[in-house]
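**Student:** Below is the structure I would like to discuss, written out as structure tokens.
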Amino acid sequence: MKHLFGKSWLTMIYVFLYIPIVTLVVYSFNASPLVTVWSAFTLKWYPAVVHDSELVGGLILSLKVALLSGLISIVFGTFTAFALVRYRKFTGRTFLASMANAPLVMPDVIVGLSLLLMLISVQRWTGFPDRGMFTILLGHALVGTAYATVVIMSRLREIDTRLEEAAMDLGCKPFQVFALVTLPLIAPALVSALLLTFTLSFDDVVLSAFLSGPGSTTLPLVIFSRARLGLNPSINAVAAIIIAVVSMVVIASSLYQARAERRRQREVNEAYAQTN
Amino acid sequence: MAAVKDDVVLEDLLRIDGLIKVFDGSVRAVDNVSLTVAKGEIFALLGSSGCGKSTLLRMLAGFETPTAGRIYLSGKDITDLPPYQRPINMMFQSYALFPHLNVWDNVAFGLRRDGMPKDELAERVESMLKLVQLGKFAKRKPHQLSGGQQQRVALARSLAKRPKLLLLDEPLGALDKKLRESTQLELVNIIEQVGVTCVLVTHDQEEAMTMASRIAVMNEGYFLQIGTPDEIYETPNSRLVADFIGNVNIFEGEVVEDEADHVTVRCPECLHYVGHGITGTPGMAVGVALRPEKIHLSREQPDKPHNWCAGDVADIAYFGAHTTYHLTLVTGMTLKVQQPNLTRHSGQGLTWGDRIYAHWSQDAMVVLTQ
């Protein structure tokens with residue numbers, strides 16, 4: 001009885017989580033231009049997406065911003081994390097630590113608004129920057145750096161400092177220690193941080209809404225504005241494409257990880273077999 | 001084990017001069033330490049944790065900057081050189097092998113930083129791996145090796161650059177007891193084969209005694225005594241050293257007779273006739289150190305005026321090779337006595353509560369004035 005209850009509870013949760021997504025995908029094959037009424041099966045919305053320059057432009061911009069802000073975030077995140085973990089005492093350490101964490105807890109609306117106000121006054125004084133891709137990138141990198149710092153810091157704390165000392169002992173200058181030992185060891189955290197900040201940037205609406213300018217509309221902004229004017233199934237098609245791509249990436253990466261783990265396990269077993 | 005040969009002219013390789021390290025403005029981790037280590041020597045820094053031995057080692061490697069004092073290597077002042085410019089390599093506690101590199105690349109790591117030509121590098125790495133008998137493990141990652149194999153990779157890595165001085169930080173601390181004994185000798189063999197001078201840090205006195213040619217016993221940042229293993233064990237210069245190295249019984253008493261070739265010390269337990277002279281005066285308070293294995297037991301009362309006492313067996317611990325008895329003396333002091341089990345069942349007959357006589361020769365004990 002208890003067993004049955006647990007199972008049905010789990011099923012309900014899955015249904016609640018995935019029914020909207022399934023519906024979304026199913027309705028991308030709906031012939032009717034109304035999102036809520038099913039008429040017949042069609043594939044016409046998919047070619048329509050490709051010819052919808054606003055959607056395609058938004059997607060390209062979103063991808064560019066997500067990738068660039070992800071890369072900027074992990075670079076600055078690594079610096080910040082390194083300073084906070086490796087140097088226990090320096091003036092302004094507490095200040096830096098709280099500043100690095102502030103964007104995590106600050107509501108996006110506040111961050112977006114304050115950035116916007118700042119950028120407007122900077123633009124008034126210097127004539128730069130115009131609102132557009134650059135300003136969106138700035139906002140996303142700001143928040144992304146905070147997330148990246150947290151992820152990289154936790155990995156950096158786990159690394160045995162004796163490894164870095166050993167490298168120095170064997171003739172590495174401080175920069176070489178970082179490049180040859182620290183960086184390879186935190187690489188998994190860098191990948192996680194990149195994926196995280198990429199995703200955060202890719203689906204951000206609030207910051208982009210504040211910071212975008214004419215001609216620089218990210219995909220979430222396009223979808224959001226269309227939702228207000230009345231959706232059409234081409235949005236469903238876009239969503240279905242994104243879901244398909246994301247699923248493929250996730251499946252491929254877990255397959256790869258499983259294979260690497262199996263290979264590692266096999267090597268360990270071989271090693272022990274040869275020792276005995 | 002690794003006694004320095006007398007006929008070799010010893011040349012100082014390492015000289016430490018008045019080294020001091022103060023942490024946080026007040027903690028004196030290393031307190032005015034001076035030392036010379038001869039070429040080819042294996043020198044052990046022995047002490048309990050927190051005695052400053054690791055800090056001293058880290059200053060030699062260059063990871064800590066001394067507050068005062070200088071370090072000379074082959075006459076050259078290296079105190080201000082960063083670790084990567086010192087001809088010194090270190091084998092770290094728990095080895096610190098690079099987990100992302102295989103055995104071959106771990107050993108080659110230091111040589112690559114020197115920009116050694118490819119063929120020479122390959123040759124050196126091969127010979128190092130051969131030295132530690134890990135040739136067929138070259139492509140393994142550290143996590144695919146057992147503890148003993150990792151230890152040997154760490155050794156090969158620290159020897160690969162042919163350092164003038166090799167530092168070993170608790171070299172066998174991560175191995176289990178059985179493996180440790182065989183590895184100790186193997187490690188000494190390799191170090192002697194290479195001929196590198198070596199400073200090792202350990203808290204394990206057995207490890208220090210088997211491996212080192214000289215030992216410095218450290219306490220609270222300074223050296224209590226420096227000497228060969230047998231000097232440290234047989235003629236400790238203070239109660240602290242006697243107590244730290246091995247087991248010891250210390251009788252407290254005062255000198256009643258002080259001659260050039262012997263002293264007599266009166267203790268509440270018994271009268272000690274010690275067969276060596278001391279620098280002291282009659283009436284001075286001293287300690288008499290007596291090792292448990294230098295005491296004999298008998299059921300009959302010995303017929304000599306000194307160097308024996310009576311006690312009741314309070315505890316018996318059977319170790320296989322020997323048995324340790326704890327005798328309670330009339331004063332309440334516990335006397336530890338170790339008897340070799342020369343024949344099977346040799347300890348039979350003695351049991352808890354038995355009255356027994358412990359006696360020893362005049363050369364068994366050492367008078368401690370500090």
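Order determines the names: the first chain of the structure tokens is A, the second B, and so forth; residues in each chain are numbered 1 upward, and ligands are numbered 1 upward as they are shown.
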Between chain A and chain B, at 8 Å or less, what are the per-residue closest atom pairs and their distances in Å? Count only C-alpha atoms, order by chain and rising residue number, and return it as JSON lines.

**Tutor:**
```
{"residue": "A:Asp160", "atom": "CA", "partner": "B:Ala96", "partner_atom": "CA", "distance": 7.8}
{"residue": "A:Arg162", "atom": "CA", "partner": "B:Ala96", "partner_atom": "CA", "distance": 5.9}
{"residue": "A:Leu163", "atom": "CA", "partner": "B:Ala96", "partner_atom": "CA", "distance": 5.1}
{"residue": "A:Glu165", "atom": "CA", "partner": "B:Phe63", "partner_atom": "CA", "distance": 7.5}
{"residue": "A:Ala166", "atom": "CA", "partner": "B:Ala96", "partner_atom": "CA", "distance": 6.7}
{"residue": "A:Ala167", "atom": "CA", "partner": "B:Gly110", "partner_atom": "CA", "distance": 7.7}
{"residue": "A:Met168", "atom": "CA", "partner": "B:Tyr84", "partner_atom": "CA", "distance": 5.3}
{"residue": "A:Asp169", "atom": "CA", "partner": "B:Pro83", "partner_atom": "CA", "distance": 5.3}
{"residue": "A:Leu170", "atom": "CA", "partner": "B:Gly110", "partner_atom": "CA", "distance": 4.5}
{"residue": "A:Gly171", "atom": "CA", "partner": "B:Tyr84", "partner_atom": "CA", "distance": 4.0}
{"residue": "A:Cys172", "atom": "CA", "partner": "B:Tyr84", "partner_atom": "CA", "distance": 5.8}
{"residue": "A:Lys173", "atom": "CA", "partner": "B:Tyr84", "partner_atom": "CA", "distance": 6.4}
{"residue": "A:Val181", "atom": "CA", "partner": "B:Phe98", "partner_atom": "CA", "distance": 7.4}
{"residue": "A:Pro184", "atom": "CA", "partner": "B:His100", "partner_atom": "CA", "distance": 7.2}
{"residue": "A:Leu185", "atom": "CA", "partner": "B:His100", "partner_atom": "CA", "distance": 7.1}
{"residue": "A:Glu267", "atom": "CA", "partner": "B:Gln144", "partner_atom": "CA", "distance": 7.0}
{"residue": "A:Val268", "atom": "CA", "partner": "B:Gln144", "partner_atom": "CA", "distance": 5.0}
{"residue": "A:Ala271", "atom": "CA", "partner": "B:Gln144", "partner_atom": "CA", "distance": 5.8}
{"residue": "A:Tyr272", "atom": "CA", "partner": "B:Gln144", "partner_atom": "CA", "distance": 7.6}
```

**Student:** What parts of range 45-173 of chain B does DSSP call alpha helix (DSSP H)? I'd like the answer as a ChimeraX atom specification.

**Tutor:** /B:53-61,103-113,118-131,147-159

**Student:** Compare A:Lys7, A:Arg86, A:Arg93, A:His51 by their minimum atom-to-atom distance to Phe178 in chain A, counting only C-alpha atoms, and give me the closest one.

**Tutor:**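 Checking each candidate against Phe178 in chain A, we get A:Arg86 as the closest.
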
**Student:** If you run DSSP on the backbone, which residues of range 131-206 of chain B are strand (DSSP E or B), as a list of chain:residue names?

**Tutor:**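 So the strand (DSSP E or B) residues in range 131-206 of chain B would be B:Leu165, B:Leu166, B:Leu167, B:Leu168, B:Asp169, B:Thr197, B:Cys198, B:Val199, B:Leu200, B:Val201, B:Thr202.
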
**Student:** Which residues are close to Asp303 in chain B, i.e. within 12 Å by only C-alpha atoms, leaving aside same-chain residues fewer than 4 positions away? Reply as a compact mmCIF listing (two decimals) with C-alpha atoms, in the first residue's frame.

**Tutor:**
```
# COMPACT_ATOMS: atom_id res chain seq x y z
CA SER B 298 65.03 -13.01 39.61
CA ASN B 307 71.44 -1.66 41.53
CA TRP B 308 68.48 -3.76 42.54
CA CYS B 309 65.04 -3.31 43.97
CA TYR B 357 63.63 -8.70 42.33
CA HIS B 359 68.55 -5.99 39.10
```

**Student:** Considering only C-alpha atoms, return as a PDB file with C-alpha atoms, in the first residue's frame whatever protein or nucleic-acid residues lie within 12 Å of range 13-21 of chain A, sequence-local ones (same chain, fewer than 2 positions apart) excluded.

**Tutor:**
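So the final result, stored in out.pdb, reads:
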```pdb
ATOM      1  CA  GLY A   6       5.002   6.370  -3.182  1.00  0.00           C
ATOM      2  CA  LYS A   7       4.881   5.305  -6.803  1.00  0.00           C
ATOM      3  CA  SER A   8       1.758   7.236  -7.650  1.00  0.00           C
ATOM      4  CA  TRP A   9       3.095  10.307  -5.886  1.00  0.00           C
ATOM      5  CA  LEU A  10       6.245  10.115  -7.979  1.00  0.00           C
ATOM      6  CA  THR A  11       4.211   9.665 -11.155  1.00  0.00           C
ATOM      7  CA  THR A  23       2.057  19.655 -24.725  1.00  0.00           C
ATOM      8  CA  LEU A  24       4.304  22.373 -26.043  1.00  0.00           C
ATOM      9  CA  VAL A  25       6.094  19.958 -28.351  1.00  0.00           C
ATOM     10  CA  VAL A  26       2.859  18.320 -29.498  1.00  0.00           C
ATOM     11  CA  TYR A  27       1.283  21.679 -30.353  1.00  0.00           C
ATOM     12  CA  SER A  28       4.255  22.584 -32.505  1.00  0.00           C
ATOM     13  CA  ASN A 236       6.298  26.035 -30.011  1.00  0.00           C
ATOM     14  CA  ALA A 237       8.506  24.892 -32.846  1.00  0.00           C
ATOM     15  CA  ALA A 239      10.867  25.510 -28.088  1.00  0.00           C
ATOM     16  CA  ALA A 240      10.770  21.987 -29.511  1.00  0.00           C
ATOM     17  CA  ILE A 242      15.713  23.917 -28.196  1.00  0.00           C
ATOM     18  CA  ILE A 243      14.435  20.982 -26.143  1.00  0.00           C
ATOM     19  CA  ALA A 244      15.727  18.543 -28.756  1.00  0.00           C
TER      20      ALA A 244
END
```

**Student:** Pick the closest to Leu116 in chain A from A:Ala209, A:Ala141, A:Met99, A:Val50: which is it, counting only C-alpha atoms?

**Tutor:**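 Among the listed residues, A:Ala209 lies closest to Leu116 in chain A.
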
**Student:** Near range 192-209 of chain B, counting only C-alpha atoms, which residues have an atom at most 7 Å away, once you skip same-chain residues fewer than 5 positions from it, shown as a list in words?

**Tutor:**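 The filter keeps Lys39, Gly40, Glu41, Ile42, Phe43, Ala44, Leu45, Leu46, Gly47, Ser48, Ser49, Lys53, Ser54, Lys164, Leu165, Leu166, Leu167, Leu168, Asp169, Glu170, Ile215, Pro229 and Ile245 of chain B.
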
**Student:** Can you pull out every residue within 10 Å of Tyr72 in chain B, counting only C-alpha atoms, but drop anything in the same chain fewer than 6 positions away, and send it as number ranges by chain?

**Tutor:** B: 12-17, 36, 60, 78-79

**Student:** Pull N, CA and C atoms from the residues just selected and write them as a short mmCIF file (atom, residue, chain, number, x, y, z; two decimals), in the first residue's frame.

**Tutor:**
```cif
data_model
loop_
_atom_site.label_atom_id
_atom_site.label_comp_id
_atom_site.auth_asym_id
_atom_site.auth_seq_id
_atom_site.Cartn_x
_atom_site.Cartn_y
_atom_site.Cartn_z
N ASP B 12 80.73 19.74 4.46
CA ASP B 12 79.42 20.27 4.81
C ASP B 12 78.66 20.64 3.56
N LEU B 13 77.47 20.08 3.40
CA LEU B 13 76.65 20.45 2.25
C LEU B 13 75.65 21.51 2.66
N LEU B 14 75.02 21.27 3.80
CA LEU B 14 73.98 22.18 4.26
C LEU B 14 74.41 22.80 5.58
N ARG B 15 74.29 24.11 5.68
CA ARG B 15 74.57 24.77 6.94
C ARG B 15 73.42 25.71 7.27
N ILE B 16 72.86 25.52 8.45
CA ILE B 16 71.77 26.38 8.91
C ILE B 16 72.32 27.20 10.06
N ASP B 17 72.08 28.50 9.99
CA ASP B 17 72.72 29.40 10.94
C ASP B 17 71.68 30.24 11.67
N THR B 36 74.70 21.61 10.83
CA THR B 36 75.36 21.33 9.57
C THR B 36 75.10 19.87 9.19
N LEU B 60 63.67 25.03 4.45
CA LEU B 60 64.73 24.51 3.57
C LEU B 60 64.24 24.44 2.13
N ILE B 78 71.23 30.48 0.26
CA ILE B 78 70.01 30.28 -0.54
C ILE B 78 68.77 30.79 0.19
N THR B 79 68.97 31.50 1.29
CA THR B 79 67.84 31.90 2.13
C THR B 79 66.76 32.65 1.35
#
```

**Student:** If we count only C-alpha atoms and set the cut-off at 8 Å, which residues sit around Met133 in chain A, ignoring sequence neighbours fewer than 3 positions away in its own chain? Please answer as a PDB file with C-alpha atoms, in the first residue's frame.

**Tutor:**
```pdb
ATOM      1  CA  LEU A  61      22.145  36.984 -30.455  1.00  0.00           C
ATOM      2  CA  VAL A  65      25.689  36.600 -25.564  1.00  0.00           C
ATOM      3  CA  ILE A 136      23.373  42.862 -22.257  1.00  0.00           C
ATOM      4  CA  LEU A 137      26.681  41.070 -22.197  1.00  0.00           C
ATOM      5  CA  SER A 212      18.724  45.711 -24.605  1.00  0.00           C
ATOM      6  CA  GLY A 213      18.401  48.423 -27.175  1.00  0.00           C
ATOM      7  CA  SER A 216      19.262  43.747 -30.106  1.00  0.00           C
TER       8      SER A 216
END
```
